Amino acid sequence: MSDDTVAAAEAHRQQTRRTRRLFHAMTAIALLISAAVGTAAMADTPPPGPNPSTAEQEQGMHPGRPFHDPADADTAGSQDLDITLDAADTRFDVGGRKVYGQSYNGSFVAPTIRMTPGSTVTIKLVNHLTVATNLHFHGLHVSPEGQADDPFICVAPGAETTYQLAIPANHPQGTFWYHSHAMSKTCPPPGSTDGMDDGMDDGMPDASDPSGAPSASGTGFTPGDVMNQVFAGLSGAIIVGDNRTLLPRDLRYTTTHTMVLKDVQLDATGHIVQGFINSKAPTVRLVNGQLRPVLTMKPNETQLWRLVNAGANISYQLQLDGYQFTVIGEDGEPVNQVTTPDRLLLPPGKRYDVLVTASDHPGTATLRNVAFNTGPIGDNYPDVPLATIKVAGHPAPKKSTVSGSIPTAPADLSAVPVAQHRTVDLTQSSDNLSYYINGKQFAMDAPAFGTPAKLGTVEEWTIVNHTGVDHPFHIHTNAFQVVSINGVPQPYTSRADDVPVPHEVNGVPGQMVIRVDFADFPGKWMFHCHIAAHEDFGMMSYINVVP
């Protein structure tokens, strides 16, 4: 391990001791958090004390540097990838300032993994952390079982496991991401039957009941550690294929950029805040770990931007002043209908692939997060500049405009027979410390529904939000189609895997109706709110999918 990693581990231990002394002195409000929860808190819960202001946290950072893309995990351009990700406490660069957090392979923004449809991707995860961890390949249409995209895999401190992903030949080409999906800080004891896997492929079938019936010996709720690990740095982008090949010929070699949106909250010692992470607190919003970088384009130049919200809790409402985004992909799926919005809403986990064409004359424009809120008990986000777009140099030739359906867009599900109707109720406790799906917090051996889904069928789910905050709803393994929001039919423009369910208004719950295509892969398909604090504290479940 590097000197930075060793130093980070020692600094982390010292910070932990300071944090423990602080929490021993906390008032009765903080004591509402149970021993099982430890120091963690909900995104909607006030912090124990004031955080440094955003300006104070930005001290030592260097705004306005030239924009750069994240590094690639594999630079050899191999068809079948074979890479290693080392998860470790690390001292890394954030905006030009050295801070303490957690990383895959040493950087705050993890390396971008590029995959090819029809290939096999092998990823060895080595856990140098002091807590359990794992990987989730968000949005990929791959198996949720075995050593593939199984979030029940648990990699203990000092251990390692190898994931092997068989990317289907017809996999959508677009932008995805990966991150820790640690559902506990510790792994279950060997031989336990709580539904958690130890990351070792022993060739034995899963001990859970394939019928989908909840276990009679449920172990109950254990808080997860997704929020802490993602917020500390454990997330990065995935690009499958090259969706420029789906565009008109003159756009197939256009410049592309990956923009990974993540925020940090830093304490006075330069550590990324852990445990008590309050999404209402001052934070520093970054693009690829840079503070307000400058991206240069030629007049008339068209670029493809891959936008990823790879943060833990906060949302972005993006606007490029004076411009429109031409959306060609949403959550990795080619769109059925190209749209040209002025703004894009990216809750945690959301991705868009957009074309941006520079003006025909020199100048600058600001890419910003526009002020908005996520509900009466949600977050109020300020207007924050994220990057500057500088238009300069000799004009580029004008490119084709794009409209209509992008080739390989998935079929419309609105006329497909529905095999099952289900309701998913989202609720939370009055103290905002506990979150529920259908009245229950997540348990590893208890699916949300006693009746499993049948492989090859389409179901219609009604997601009902009984709370005062929007909840971005995410399903693993396959994207879904939004049918209606608050009773208003939605035209089919694209499928998605991460869409906010609106909050209740005047006692009337928010509601979103979706159709889910249970295609190709049996197993446990997880679903949850993608505000990491909410999933960690209960708003997560799964459905068994059987042949």
# chains A, B, ... in the order shown; residues from 1 in each chain; ligands from 1
>>> select_by_dssp(residues="segment 282-364 of chain A", states="strand (DSSP E or B)", output="MDAnalysis selection string")
chainID A and resid 284:287 290 294:297 302:309 316:320 326:330 333:339 343:346 351:357 363:364
>>> closest_atom_pairs(of="segment 310-340 of chain A", to="segment 231-250 of chain A", cutoff="9 Å", atoms="only C-alpha atoms", output="JSON lines")
{"residue": "A:Ala310", "atom": "CA", "partner": "A:Ser235", "partner_atom": "CA", "distance": 6.1}
{"residue": "A:Gly311", "atom": "CA", "partner": "A:Phe231", "partner_atom": "CA", "distance": 6.2}
{"residue": "A:Ala312", "atom": "CA", "partner": "A:Phe231", "partner_atom": "CA", "distance": 5.3}
{"residue": "A:Asn313", "atom": "CA", "partner": "A:Phe231", "partner_atom": "CA", "distance": 8.2}
{"residue": "A:Ile328", "atom": "CA", "partner": "A:Asn243", "partner_atom": "CA", "distance": 8.8}
{"residue": "A:Gly329", "atom": "CA", "partner": "A:Asn243", "partner_atom": "CA", "distance": 8.5}
{"residue": "A:Gly332", "atom": "CA", "partner": "A:Val240", "partner_atom": "CA", "distance": 8.2}
{"residue": "A:Pro334", "atom": "CA", "partner": "A:Asn243", "partner_atom": "CA", "distance": 8.0}
>>> write_last_selection(atoms="all heavy atoms", output="PDB file, in the first residue's frame")
ATOM      1  N   ALA A 310     -22.853  10.548  -9.638  1.00  0.00           N
ATOM      2  CA  ALA A 310     -22.259   9.425  -8.922  1.00  0.00           C
ATOM      3  C   ALA A 310     -22.079   9.743  -7.446  1.00  0.00           C
ATOM      4  O   ALA A 310     -21.218   9.165  -6.780  1.00  0.00           O
ATOM      5  CB  ALA A 310     -20.910   9.064  -9.543  1.00  0.00           C
ATOM      6  N   GLY A 311     -22.910  10.653  -6.917  1.00  0.00           N
ATOM      7  CA  GLY A 311     -22.858  10.997  -5.504  1.00  0.00           C
ATOM      8  C   GLY A 311     -23.801  10.161  -4.678  1.00  0.00           C
ATOM      9  O   GLY A 311     -24.558   9.331  -5.191  1.00  0.00           O
ATOM     10  N   ALA A 312     -23.793  10.413  -3.377  1.00  0.00           N
ATOM     11  CA  ALA A 312     -24.560   9.594  -2.442  1.00  0.00           C
ATOM     12  C   ALA A 312     -25.991  10.082  -2.259  1.00  0.00           C
ATOM     13  O   ALA A 312     -26.931   9.283  -2.314  1.00  0.00           O
ATOM     14  CB  ALA A 312     -23.848   9.538  -1.089  1.00  0.00           C
ATOM     15  N   ASN A 313     -26.180  11.383  -2.025  1.00  0.00           N
ATOM     16  CA  ASN A 313     -27.478  11.847  -1.541  1.00  0.00           C
ATOM     17  C   ASN A 313     -28.103  12.997  -2.323  1.00  0.00           C
ATOM     18  O   ASN A 313     -29.325  13.116  -2.339  1.00  0.00           O
ATOM     19  CB  ASN A 313     -27.371  12.286  -0.072  1.00  0.00           C
ATOM     20  CG  ASN A 313     -27.094  11.139   0.875  1.00  0.00           C
ATOM     21  OD1 ASN A 313     -27.531  10.016   0.654  1.00  0.00           O
ATOM     22  ND2 ASN A 313     -26.349  11.422   1.938  1.00  0.00           N
ATOM     23  N   ILE A 328     -29.860  11.963 -26.164  1.00  0.00           N
ATOM     24  CA  ILE A 328     -29.882  10.770 -27.016  1.00  0.00           C
ATOM     25  C   ILE A 328     -29.876   9.478 -26.194  1.00  0.00           C
ATOM     26  O   ILE A 328     -30.099   8.402 -26.731  1.00  0.00           O
ATOM     27  CB  ILE A 328     -28.705  10.757 -27.998  1.00  0.00           C
ATOM     28  CG1 ILE A 328     -27.368  10.625 -27.257  1.00  0.00           C
ATOM     29  CG2 ILE A 328     -28.720  12.005 -28.883  1.00  0.00           C
ATOM     30  CD1 ILE A 328     -26.220  10.201 -28.154  1.00  0.00           C
ATOM     31  N   GLY A 329     -29.626   9.589 -24.893  1.00  0.00           N
ATOM     32  CA  GLY A 329     -29.626   8.416 -24.030  1.00  0.00           C
ATOM     33  C   GLY A 329     -30.003   8.789 -22.613  1.00  0.00           C
ATOM     34  O   GLY A 329     -29.633   9.860 -22.127  1.00  0.00           O
ATOM     35  N   GLY A 332     -28.403   4.983 -19.730  1.00  0.00           N
ATOM     36  CA  GLY A 332     -27.749   3.977 -20.565  1.00  0.00           C
ATOM     37  C   GLY A 332     -28.573   3.452 -21.718  1.00  0.00           C
ATOM     38  O   GLY A 332     -28.063   2.698 -22.548  1.00  0.00           O
ATOM     39  N   PRO A 334     -30.654   3.989 -25.234  1.00  0.00           N
ATOM     40  CA  PRO A 334     -30.952   4.902 -26.337  1.00  0.00           C
ATOM     41  C   PRO A 334     -32.421   5.314 -26.280  1.00  0.00           C
ATOM     42  O   PRO A 334     -33.301   4.483 -26.005  1.00  0.00           O
ATOM     43  CB  PRO A 334     -30.652   4.057 -27.581  1.00  0.00           C
ATOM     44  CG  PRO A 334     -29.687   3.010 -27.106  1.00  0.00           C
ATOM     45  CD  PRO A 334     -30.094   2.702 -25.702  1.00  0.00           C
TER      46      PRO A 334
END
>>> closest_residue(among="A:His179, A:Arg368, A:Arg515, A:His257", to="Ala110 of chain A", atoms="only C-alpha atoms")
A:His179
>>> closest_residue(among="A:Arg343, A:Lys350, A:Lys298, A:His471", to="Gln319 of chain A", atoms="only C-alpha atoms")
A:Arg343
>>> closest_residue(among="A:Val308, A:Ile389, A:Leu426, A:Ile314", to="Gly363 of chain A", atoms="only C-alpha atoms")
A:Ile389
>>> atom_distance(atom1="atom CA of Asn486 of chain A", atom2="atom CA of Glu504 of chain A")
9.8 Å
>>> residues_around(residues="segment 397-409 of chain A", least_positions_apart="3", cutoff="9 Å", atoms="only C-alpha atoms", output="list in words")
Asn170, Pro172, Gln173, Leu246, Leu247, Pro248, Arg249, Asp250, Leu251, Pro299, Asn300, Glu301, Thr302, Thr326, Ile328, Gly329, Glu333, Pro334, Val335, Asn336, Gln337, Val338, Thr339, Leu355, Thr357, Thr493, Ser494 and Arg495 of chain A
>>> write_last_selection(atoms="C-alpha atoms", output="PDB file, in the first residue's frame")
ATOM      1  CA  ASN A 170     -27.379  -6.809 -27.562  1.00  0.00           C
ATOM      2  CA  PRO A 172     -27.684  -1.123 -24.716  1.00  0.00           C
ATOM      3  CA  GLN A 173     -24.828   1.232 -25.564  1.00  0.00           C
ATOM      4  CA  LEU A 246     -26.045   5.105 -33.477  1.00  0.00           C
ATOM      5  CA  LEU A 247     -25.875   8.729 -34.683  1.00  0.00           C
ATOM      6  CA  PRO A 248     -25.739  10.231 -38.187  1.00  0.00           C
ATOM      7  CA  ARG A 249     -22.430   9.515 -39.903  1.00  0.00           C
ATOM      8  CA  ASP A 250     -20.910  12.973 -39.402  1.00  0.00           C
ATOM      9  CA  LEU A 251     -21.391  12.693 -35.608  1.00  0.00           C
ATOM     10  CA  PRO A 299     -17.587  27.662 -32.473  1.00  0.00           C
ATOM     11  CA  ASN A 300     -20.262  25.361 -33.982  1.00  0.00           C
ATOM     12  CA  GLU A 301     -18.567  22.289 -32.483  1.00  0.00           C
ATOM     13  CA  THR A 302     -20.852  19.462 -31.332  1.00  0.00           C
ATOM     14  CA  THR A 326     -30.089  17.143 -27.062  1.00  0.00           C
ATOM     15  CA  ILE A 328     -29.882  10.770 -27.016  1.00  0.00           C
ATOM     16  CA  GLY A 329     -29.626   8.416 -24.030  1.00  0.00           C
ATOM     17  CA  GLU A 333     -30.738   3.349 -22.850  1.00  0.00           C
ATOM     18  CA  PRO A 334     -30.952   4.902 -26.337  1.00  0.00           C
ATOM     19  CA  VAL A 335     -34.049   7.092 -26.342  1.00  0.00           C
ATOM     20  CA  ASN A 336     -37.197   6.367 -28.322  1.00  0.00           C
ATOM     21  CA  GLN A 337     -37.714  10.104 -28.833  1.00  0.00           C
ATOM     22  CA  VAL A 338     -34.928  12.691 -28.827  1.00  0.00           C
ATOM     23  CA  THR A 339     -35.770  15.691 -26.649  1.00  0.00           C
ATOM     24  CA  LEU A 355     -25.228  16.388 -27.518  1.00  0.00           C
ATOM     25  CA  THR A 357     -23.423  22.344 -29.891  1.00  0.00           C
ATOM     26  CA  THR A 493     -39.586   8.781 -24.724  1.00  0.00           C
ATOM     27  CA  SER A 494     -37.197   6.300 -23.089  1.00  0.00           C
ATOM     28  CA  ARG A 495     -36.796   3.675 -20.427  1.00  0.00           C
TER      29      ARG A 495
END
>>> residues_around(residues="Asp517 of chain A", least_positions_apart="2", cutoff="9 Å", atoms="only C-alpha atoms", output="mmCIF file with all heavy atoms, in the first residue's frame")
data_model
loop_
_atom_site.group_PDB
_atom_site.id
_atom_site.type_symbol
_atom_site.label_atom_id
_atom_site.label_comp_id
_atom_site.auth_asym_id
_atom_site.auth_seq_id
_atom_site.Cartn_x
_atom_site.Cartn_y
_atom_site.Cartn_z
ATOM 1 N N LEU A 413 -43.649 -0.461 -23.965
ATOM 2 C CA LEU A 413 -44.347 -1.499 -23.193
ATOM 3 C C LEU A 413 -45.809 -1.166 -22.931
ATOM 4 O O LEU A 413 -46.513 -1.949 -22.284
ATOM 5 C CB LEU A 413 -43.646 -1.698 -21.839
ATOM 6 C CG LEU A 413 -42.196 -2.192 -21.866
ATOM 7 C CD1 LEU A 413 -41.635 -2.249 -20.449
ATOM 8 C CD2 LEU A 413 -42.100 -3.559 -22.526
ATOM 9 N N LEU A 455 -40.136 -14.871 -15.048
ATOM 10 C CA LEU A 455 -39.224 -14.460 -16.102
ATOM 11 C C LEU A 455 -39.955 -14.409 -17.442
ATOM 12 O O LEU A 455 -40.749 -15.292 -17.768
ATOM 13 C CB LEU A 455 -38.057 -15.444 -16.180
ATOM 14 C CG LEU A 455 -36.806 -14.977 -16.928
ATOM 15 C CD1 LEU A 455 -36.139 -13.823 -16.210
ATOM 16 C CD2 LEU A 455 -35.821 -16.137 -17.073
ATOM 17 N N GLY A 456 -39.709 -13.355 -18.209
ATOM 18 C CA GLY A 456 -40.343 -13.216 -19.512
ATOM 19 C C GLY A 456 -41.672 -12.499 -19.483
ATOM 20 O O GLY A 456 -42.342 -12.404 -20.526
ATOM 21 N N THR A 457 -42.081 -11.986 -18.322
ATOM 22 C CA THR A 457 -43.349 -11.265 -18.214
ATOM 23 C C THR A 457 -43.099 -9.783 -17.935
ATOM 24 O O THR A 457 -42.001 -9.370 -17.570
ATOM 25 C CB THR A 457 -44.235 -11.833 -17.103
ATOM 26 O OG1 THR A 457 -43.606 -11.603 -15.820
ATOM 27 C CG2 THR A 457 -44.464 -13.322 -17.299
ATOM 28 N N VAL A 458 -44.154 -8.993 -18.122
ATOM 29 C CA VAL A 458 -44.136 -7.569 -17.811
ATOM 30 C C VAL A 458 -45.132 -7.311 -16.689
ATOM 31 O O VAL A 458 -46.266 -7.799 -16.740
ATOM 32 C CB VAL A 458 -44.493 -6.716 -19.043
ATOM 33 C CG1 VAL A 458 -44.669 -5.250 -18.673
ATOM 34 C CG2 VAL A 458 -43.426 -6.870 -20.124
ATOM 35 N N GLU A 459 -44.704 -6.578 -15.666
ATOM 36 C CA GLU A 459 -45.580 -6.224 -14.555
ATOM 37 C C GLU A 459 -45.768 -4.709 -14.504
ATOM 38 O O GLU A 459 -44.914 -3.948 -14.971
ATOM 39 C CB GLU A 459 -44.999 -6.715 -13.227
ATOM 40 C CG GLU A 459 -44.910 -8.222 -13.123
ATOM 41 C CD GLU A 459 -44.574 -8.695 -11.706
ATOM 42 O OE1 GLU A 459 -44.336 -7.855 -10.806
ATOM 43 O OE2 GLU A 459 -44.578 -9.921 -11.505
ATOM 44 N N ASN A 478 -32.646 -4.323 -14.857
ATOM 45 C CA ASN A 478 -33.253 -3.870 -16.104
ATOM 46 C C ASN A 478 -33.925 -2.525 -15.890
ATOM 47 O O ASN A 478 -34.385 -2.217 -14.780
ATOM 48 C CB ASN A 478 -34.278 -4.877 -16.617
ATOM 49 C CG ASN A 478 -34.426 -4.846 -18.126
ATOM 50 O OD1 ASN A 478 -33.681 -4.154 -18.816
ATOM 51 N ND2 ASN A 478 -35.374 -5.605 -18.663
ATOM 52 N N ALA A 479 -33.972 -1.723 -16.944
ATOM 53 C CA ALA A 479 -34.660 -0.440 -16.877
ATOM 54 C C ALA A 479 -36.171 -0.662 -16.954
ATOM 55 O O ALA A 479 -36.650 -1.713 -17.363
ATOM 56 C CB ALA A 479 -34.187 0.468 -18.010
ATOM 57 N N PHE A 480 -36.920 0.371 -16.569
ATOM 58 C CA PHE A 480 -38.379 0.297 -16.601
ATOM 59 C C PHE A 480 -38.927 1.457 -17.419
ATOM 60 O O PHE A 480 -38.214 2.390 -17.795
ATOM 61 C CB PHE A 480 -38.958 0.315 -15.177
ATOM 62 C CG PHE A 480 -38.497 1.475 -14.313
ATOM 63 C CD1 PHE A 480 -39.096 2.729 -14.397
ATOM 64 C CD2 PHE A 480 -37.464 1.306 -13.394
ATOM 65 C CE1 PHE A 480 -38.678 3.782 -13.591
ATOM 66 C CE2 PHE A 480 -37.035 2.350 -12.583
ATOM 67 C CZ PHE A 480 -37.639 3.594 -12.689
ATOM 68 N N GLN A 481 -40.226 1.401 -17.687
ATOM 69 C CA GLN A 481 -40.899 2.457 -18.437
ATOM 70 C C GLN A 481 -41.909 3.157 -17.537
ATOM 71 O O GLN A 481 -42.736 2.506 -16.890
ATOM 72 C CB GLN A 481 -41.615 1.880 -19.659
ATOM 73 C CG GLN A 481 -42.337 2.926 -20.510
ATOM 74 C CD GLN A 481 -42.895 2.339 -21.788
ATOM 75 O OE1 GLN A 481 -42.310 1.410 -22.351
ATOM 76 N NE2 GLN A 481 -44.022 2.865 -22.254
ATOM 77 N N ARG A 515 -43.853 0.194 -15.758
ATOM 78 C CA ARG A 515 -43.909 -1.187 -16.245
ATOM 79 C C ARG A 515 -42.490 -1.757 -16.263
ATOM 80 O O ARG A 515 -41.552 -1.099 -16.753
ATOM 81 C CB ARG A 515 -44.555 -1.261 -17.624
ATOM 82 C CG ARG A 515 -46.052 -0.963 -17.542
ATOM 83 C CD ARG A 515 -46.823 -1.386 -18.751
ATOM 84 N NE ARG A 515 -48.255 -1.223 -18.511
ATOM 85 C CZ ARG A 515 -49.208 -1.562 -19.359
ATOM 86 N NH1 ARG A 515 -48.875 -2.117 -20.540
ATOM 87 N NH2 ARG A 515 -50.487 -1.384 -19.070
ATOM 88 N N ALA A 519 -36.784 -9.573 -17.953
ATOM 89 C CA ALA A 519 -36.183 -10.268 -19.089
ATOM 90 C C ALA A 519 -34.848 -10.913 -18.732
ATOM 91 O O ALA A 519 -34.053 -10.333 -17.991
ATOM 92 C CB ALA A 519 -35.983 -9.286 -20.242
#
>>> atom_distance(atom1="atom CA of Ala365 of chain A", atom2="atom CA of Gln303 of chain A")
14.9 Å
>>> closest_residue(among="A:Ala73, A:Val260, A:Val499, A:Leu165", to="His530 of chain A", atoms="only C-alpha atoms")
A:Val499
>>> closest_residue(among="A:Ala166, A:Met444, A:Val483, A:Met61", to="Arg292 of chain A", atoms="only C-alpha atoms")
A:Met61
>>> select_by_dssp(residues="segment 510-541 of chain A", states="helix (DSSP H, G or I)", output="list in words")
Ala532, Ala533, His534, Glu535 and Asp536 of chain A
>>> write_last_selection(atoms="N, CA, C and O atoms", output="PDB file, in the first residue's frame")
ATOM      1  N   ALA A 532     -28.811   7.493  -0.860  1.00  0.00           N
ATOM      2  CA  ALA A 532     -28.116   6.404  -0.171  1.00  0.00           C
ATOM      3  C   ALA A 532     -28.482   6.330   1.302  1.00  0.00           C
ATOM      4  O   ALA A 532     -28.576   5.230   1.872  1.00  0.00           O
ATOM      5  N   ALA A 533     -28.700   7.473   1.939  1.00  0.00           N
ATOM      6  CA  ALA A 533     -29.101   7.460   3.346  1.00  0.00           C
ATOM      7  C   ALA A 533     -30.416   6.731   3.539  1.00  0.00           C
ATOM      8  O   ALA A 533     -30.612   6.023   4.529  1.00  0.00           O
ATOM      9  N   HIS A 534     -31.331   6.881   2.589  1.00  0.00           N
ATOM     10  CA  HIS A 534     -32.644   6.264   2.717  1.00  0.00           C
ATOM     11  C   HIS A 534     -32.571   4.752   2.503  1.00  0.00           C
ATOM     12  O   HIS A 534     -33.223   3.982   3.206  1.00  0.00           O
ATOM     13  N   GLU A 535     -31.790   4.323   1.513  1.00  0.00           N
ATOM     14  CA  GLU A 535     -31.662   2.874   1.314  1.00  0.00           C
ATOM     15  C   GLU A 535     -30.918   2.236   2.478  1.00  0.00           C
ATOM     16  O   GLU A 535     -31.265   1.145   2.926  1.00  0.00           O
ATOM     17  N   ASP A 536     -29.872   2.911   2.987  1.00  0.00           N
ATOM     18  CA  ASP A 536     -29.118   2.371   4.123  1.00  0.00           C
ATOM     19  C   ASP A 536     -30.009   2.133   5.331  1.00  0.00           C
ATOM     20  O   ASP A 536     -29.786   1.190   6.103  1.00  0.00           O
TER      21      ASP A 536
END
>>> closest_residue(among="A:Val546, A:Arg114, A:Pro50, A:Val505", to="Ala76 of chain A", atoms="only C-alpha atoms")
A:Arg114
